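S.K.: I'd like to ask you about the structure that follows.
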Amino acid sequence: MTINPYLCDVCGTCVSVCPVDAIVVEENRVVLDNEKCIRCRKCVIVCPVKAISEKN
Amino acid sequence: MSIIKDYYDVIVIGAGPAGSVSARFAAENGASTLLLERDQGPGNPVRCAEGVSHNGIVPFIEIDPKWISTKIEQARLYSPNGDYLDMFQNGTGYVLDRTLFDPALANLACQKGAQLLTKADAIGLIYDNDKISGVKFRYFDKIYDVKCKIVIGADGIESRVGRWAGIDTVLDLKDLDTCVQYTLTGLDISSLRVDFFFGREVAPGGYIWIFPKSKDTANVGIGIAGDLVTDKSPKEYLDEFIEKKFPNASVLRSVCGGVPTAKMLKNPITDNLILVGDAAHQVNPITGGGIVQVMIAGQFAGETAAEAIKANNYSEKFLRKYIKKWNNRLGANQSFMYSVKEKFMRMDNERFNNLVKICSAIPSEKLTLKEFFKTIVKGDPMMILQLAKAFVTSKLK
Ligand SMILES: Cc1cc2nc3c(=O)[nH]c(=O)nc-3n(C[C@H](O)[C@H](O)[C@H](O)COP(=O)(O)OP(=O)(O)OC[C@H]3O[C@@H](n4cnc5c(N)ncnc54)[C@H](O)[C@@H]3O)c2cc1C
Ligand code: SF4
Ligand code: SF4
């Protein structure tokens, strides 16, 4: 999973639905841990600007 | 520069309305209290349409014109076919300026004795014999371990505090509204009225709002239910709406955000820890209004924490007082709102059109709430509870 930093507003909406705690807001950035991620796509769906995509 | 002590009775994480009110009531009731905010300061950035009712905020802070943008007297509901219904509020509403309101709430906490640190990012909990005994945070470039008896997690929608403590805070898609909002200027609007636009093509499972900040500036935003999101992003829905409605507007600010339209967490507490606000899912599930509800919860959290300090008892069992207070005050209301959310927010276009048509037959000065409900009962009995609760009890969000 990749987050497009030009689209991302660091709003934390994706964090709230991630079932495995793979996304965190850190130092004004959103960081996604691909090792933890189970590819459920919930974050992809809820991002208001579709900043998260499935490619690595 | 503040001196950071090794120990506080209570550490509150997040200086939004929930955290600042929690810190204020903890401090006011005698607990030494530290309030941590990750950002440059409270109210920065604001991810909110800023609508509240007068009656909702006066118990917490004296009204100051400085942080009131507009005074609202009326709400207009647009159905999918463009018909609308004007409703007059019971009591005044406001569109706030949260860039000043949030600092004012934090300031009140400081006046009562709490210590606020900004640029202070909580990064973990500290444990002593498996018991939560403090907070690890980064303050500018340094890491601090500070002990406390009670942690209050008021860290908003992206809450990590609950997860650290083993509380399941994950939201279902259907219980999350995904939002984008612009503050637009160059408009020509009424500063006394808030507008809501409904419809499957407008905002699936949610609505678009126009909340005036003045006669030419407004918060214009959209919320869409997470499980009804399509390939089109909320931003695309909103952009389309704005291109049609306000083709000449300029954007002063744009923000994304999420609203937990869920029931409160089953158990927002554990030994030595309380979750409050968006972090505990305490928002009105129909309107998405959170400011007032999270301040109420903040008061209960702060008071309970201070009581626990006095009683020298920080067990989950003792902290249940917080849940009890919330349940007595808002619990039933919130569960009810939740149970009608599905029906009201998922009404099909035709049904919504019909409802508005029935109600707009009444002259607007006569469209008192009572009349409104009577009409709904006659025309569409199923809808009475939903509408009643959605736009009246909760007034403006
Ligand atoms: C688009 C949108 C429109 C809305 N419109 C309205 C409205 O019109 N009326 C209304 O009543 N409600 C509205 N709401 C809801 C309302 O904004 C929230 O319910 C309310 O802000 C919740 O307050 P809170 O204190 O729980 O969380 P927040 O206000 O989100 O505050 C949380 C704070 O915690 C800080 N924080 C997070 N993590 C850490 C950490 N690790 N360390 C330190 N600090 C941390 C954050 O920086 C933030 O300041 C809206 C929400 C959205 C998204
Ligand atoms: S939901 Fe989208 S915009 Fe918000 S933090 Fe996640 S990736 Fe960024
Ligand atoms: S795809 Fe699922 S598991 Fe992976 S980061 Fe997104 S929400 Fe988390």
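Chains: A, B, ... in order of the structure tokens. Residues: from 1 per chain. Ligands: from 1, in order shown.
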What residues in chain B lie within 9 Å of chain A, counting only C-alpha atoms, written as number ranges by chain?

M.R.: B: 38-39, 47, 121, 123, 156-160, 163, 169-173, 176-180, 223-227, 229-236, 255-260

S.K.: Could you give me, as a PyMOL selection string, the residues within 9 Å of B:Trp326, counting only C-alpha atoms and dropping anything in the same chain fewer than 6 positions from it?

M.R.: chain B and resi 296-297+300

S.K.: Next, the residues of the selection above should be written as a PDB file, in the first residue's frame with N, CA and C atoms.

M.R.:
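So selection39.pdb came out as:
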```pdb
ATOM      1  N   ILE B 296     -19.449  17.411  27.333  1.00  0.00           N
ATOM      2  CA  ILE B 296     -20.186  16.792  28.447  1.00  0.00           C
ATOM      3  C   ILE B 296     -19.400  15.579  28.954  1.00  0.00           C
ATOM      4  N   ALA B 297     -18.966  14.752  28.003  1.00  0.00           N
ATOM      5  CA  ALA B 297     -18.196  13.561  28.387  1.00  0.00           C
ATOM      6  C   ALA B 297     -16.890  13.969  29.068  1.00  0.00           C
ATOM      7  N   PHE B 300     -17.409  14.695  32.681  1.00  0.00           N
ATOM      8  CA  PHE B 300     -17.552  13.457  33.468  1.00  0.00           C
ATOM      9  C   PHE B 300     -16.201  12.761  33.645  1.00  0.00           C
TER      10      PHE B 300
END
```

S.K.: Looking only at helix (DSSP H, G or I) from DSSP on the backbone, list the matching residues of chain A as a ChimeraX atom specification.

M.R.: /A:15-17,42-46

S.K.: Pick out the residues sitting within 8 Å of B:Ile210, and hand them over as a list of chain:residue names; count only C-alpha atoms, and ignore anything fewer than 2 positions along from it in its own chain.

M.R.: B:Val194, B:Asp195, B:Phe196, B:Ile208, B:Pro212, B:Ala218, B:Asn219, B:Val220, B:Gly221

S.K.: Mind dumping the selected residues with N, CA and C atoms as a short mmCIF file (atom, residue, chain, number, x, y, z; two decimals), in the first residue's frame?

M.R.:
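Output (result38.cif):
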```cif
data_model
loop_
_atom_site.label_atom_id
_atom_site.label_comp_id
_atom_site.auth_asym_id
_atom_site.auth_seq_id
_atom_site.Cartn_x
_atom_site.Cartn_y
_atom_site.Cartn_z
N VAL B 194 -28.34 27.76 8.19
CA VAL B 194 -27.50 26.64 7.75
C VAL B 194 -28.30 25.80 6.76
N ASP B 195 -27.64 25.28 5.74
CA ASP B 195 -28.31 24.48 4.72
C ASP B 195 -27.78 23.06 4.73
N PHE B 196 -28.71 22.12 4.52
CA PHE B 196 -28.34 20.70 4.40
C PHE B 196 -28.90 20.15 3.09
N ILE B 208 -24.51 17.16 2.37
CA ILE B 208 -23.62 18.30 2.17
C ILE B 208 -24.14 19.43 3.05
N PRO B 212 -22.64 29.13 7.39
CA PRO B 212 -22.08 30.45 7.10
C PRO B 212 -21.13 30.95 8.19
N ALA B 218 -18.30 30.66 4.01
CA ALA B 218 -18.99 29.54 4.68
C ALA B 218 -18.13 28.29 4.67
N ASN B 219 -18.40 27.44 5.68
CA ASN B 219 -17.86 26.08 5.65
C ASN B 219 -18.79 25.24 4.80
N VAL B 220 -18.29 24.74 3.70
CA VAL B 220 -19.09 23.92 2.81
C VAL B 220 -18.44 22.55 2.74
N GLY B 221 -19.16 21.54 3.23
CA GLY B 221 -18.51 20.24 3.34
C GLY B 221 -19.44 19.09 3.04
#
```

S.K.: Excluding B:Val356 and its own-chain neighbours fewer than 5 positions away, which residues fall within 8 Å of it when counting only C-alpha atoms? Please give them as a list of chain:residue names.

M.R.: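 Non-adjacent residues within range: B:Tyr78, B:Ser79, B:Asp83, B:Tyr84, B:Leu85.
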
S.K.: Among chain A, which ones does DSSP assign to strand (DSSP E or B) (computed from the backbone)? Answer as a list in words.

M.R.: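 After running DSSP on the backbone, chain A has strand (DSSP E or B) at Thr2, Ile3, Ile23, Val24, Val25, Glu26, Arg29, Val30, Val31, Leu32, Ile52 and Ser53 of chain A.
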
S.K.: Would you put the residues from that selection into a file with N, CA and C atoms, as a PDB file, in the first residue's frame?

M.R.:
```
ATOM      1  N   THR A   2       0.424   2.278  -0.712  1.00  0.00           N
ATOM      2  CA  THR A   2       1.188   3.527  -0.766  1.00  0.00           C
ATOM      3  C   THR A   2       0.257   4.702  -0.486  1.00  0.00           C
ATOM      4  N   ILE A   3       0.794   5.683   0.211  1.00  0.00           N
ATOM      5  CA  ILE A   3       0.021   6.898   0.471  1.00  0.00           C
ATOM      6  C   ILE A   3       0.620   8.038  -0.344  1.00  0.00           C
ATOM      7  N   ILE A  23      -1.634   1.665  10.474  1.00  0.00           N
ATOM      8  CA  ILE A  23      -1.423   3.058  10.064  1.00  0.00           C
ATOM      9  C   ILE A  23      -1.357   3.938  11.312  1.00  0.00           C
ATOM     10  N   VAL A  24      -0.395   4.835  11.355  1.00  0.00           N
ATOM     11  CA  VAL A  24      -0.322   5.780  12.471  1.00  0.00           C
ATOM     12  C   VAL A  24       0.013   7.171  11.950  1.00  0.00           C
ATOM     13  N   VAL A  25      -0.426   8.164  12.737  1.00  0.00           N
ATOM     14  CA  VAL A  25      -0.024   9.538  12.460  1.00  0.00           C
ATOM     15  C   VAL A  25       1.228   9.803  13.283  1.00  0.00           C
ATOM     16  N   GLU A  26       2.289  10.175  12.611  1.00  0.00           N
ATOM     17  CA  GLU A  26       3.573  10.360  13.283  1.00  0.00           C
ATOM     18  C   GLU A  26       4.270  11.584  12.718  1.00  0.00           C
ATOM     19  N   ARG A  29       2.894  13.148   9.678  1.00  0.00           N
ATOM     20  CA  ARG A  29       2.781  12.320   8.487  1.00  0.00           C
ATOM     21  C   ARG A  29       1.958  11.100   8.829  1.00  0.00           C
ATOM     22  N   VAL A  30       1.387  10.487   7.804  1.00  0.00           N
ATOM     23  CA  VAL A  30       0.699   9.230   8.038  1.00  0.00           C
ATOM     24  C   VAL A  30       1.607   8.113   7.544  1.00  0.00           C
ATOM     25  N   VAL A  31       1.863   7.156   8.418  1.00  0.00           N
ATOM     26  CA  VAL A  31       2.799   6.093   8.082  1.00  0.00           C
ATOM     27  C   VAL A  31       2.061   4.758   8.064  1.00  0.00           C
ATOM     28  N   LEU A  32       2.215   4.020   6.950  1.00  0.00           N
ATOM     29  CA  LEU A  32       1.538   2.727   6.794  1.00  0.00           C
ATOM     30  C   LEU A  32       2.587   1.618   6.798  1.00  0.00           C
ATOM     31  N   ILE A  52      -4.818   6.717  -0.732  1.00  0.00           N
ATOM     32  CA  ILE A  52      -4.144   5.425  -0.527  1.00  0.00           C
ATOM     33  C   ILE A  52      -4.420   4.515  -1.717  1.00  0.00           C
ATOM     34  N   SER A  53      -3.370   3.912  -2.240  1.00  0.00           N
ATOM     35  CA  SER A  53      -3.581   2.987  -3.350  1.00  0.00           C
ATOM     36  C   SER A  53      -2.886   1.667  -3.044  1.00  0.00           C
TER      37      SER A  53
END
```

S.K.: Pick out the residues sitting within 6 Å of stretch 144-153 of chain B, and hand them over as a PyMOL selection string; count only C-alpha atoms, and ignore anything fewer than 3 positions along from it in its own chain.

M.R.: chain B and resi 6-13+133-137+161+272-275

S.K.: With C-alpha atoms retained, write the just-selected residues as an mmCIF file, in the first residue's frame.

M.R.:
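What follows is the written file part06.cif:
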```cif
data_model
loop_
_atom_site.group_PDB
_atom_site.id
_atom_site.type_symbol
_atom_site.label_atom_id
_atom_site.label_comp_id
_atom_site.auth_asym_id
_atom_site.auth_seq_id
_atom_site.Cartn_x
_atom_site.Cartn_y
_atom_site.Cartn_z
ATOM 1 C CA ASP B 6 8.111 13.794 36.935
ATOM 2 C CA TYR B 7 4.598 13.132 38.126
ATOM 3 C CA TYR B 8 1.020 14.406 37.651
ATOM 4 C CA ASP B 9 -2.145 12.855 39.050
ATOM 5 C CA VAL B 10 -3.759 12.994 35.618
ATOM 6 C CA ILE B 11 -2.300 13.238 32.101
ATOM 7 C CA VAL B 12 -4.732 14.160 29.327
ATOM 8 C CA ILE B 13 -3.682 13.346 25.745
ATOM 9 C CA SER B 133 1.610 4.315 35.234
ATOM 10 C CA GLY B 134 2.373 7.162 32.863
ATOM 11 C CA VAL B 135 2.848 8.512 29.368
ATOM 12 C CA LYS B 136 5.811 8.597 27.028
ATOM 13 C CA PHE B 137 5.801 11.669 24.804
ATOM 14 C CA VAL B 161 -4.296 5.632 23.271
ATOM 15 C CA ASN B 272 -5.909 3.779 35.209
ATOM 16 C CA LEU B 273 -7.304 4.952 31.870
ATOM 17 C CA ILE B 274 -10.344 6.725 30.408
ATOM 18 C CA LEU B 275 -11.099 7.436 26.742
#
```

S.K.: Hey, what's within 12 Å of B:Pro59 if we count only C-alpha atoms and toss same-chain stuff fewer than 6 positions away? As a PyMOL selection string, please?

M.R.: chain B and resi 21+53+292-293+295-296+299

S.K.: Compile the contact shell of B:Met264 as number ranges by chain: residues with an atom at most 9 Å away, counting only C-alpha atoms, same-chain residues fewer than 3 positions apart removed.

M.R.: B: 267-268, 280-283, 331, 334-335

S.K.: Restricting the calculation to only C-alpha atoms, which member of B:Ser254, B:Gln40, B:Lys245, B:Lys131 is positioned closest to B:Ser315?

M.R.: B:Lys131

S.K.: Given the choices A:Glu35, A:Ala22, A:Cys40, A:Leu7, which gets closest to ligand 2 if the distance is worked out from only C-alpha atoms and all ligand atoms?

M.R.: A:Leu7

S.K.: Rounded to one decimal in Å, what is the spacing between atom CA of B:Phe246 and atom CA of B:Asp188?

M.R.: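 Going from atom CA of B:Phe246 over to atom CA of B:Asp188 covers 9.2 Å.
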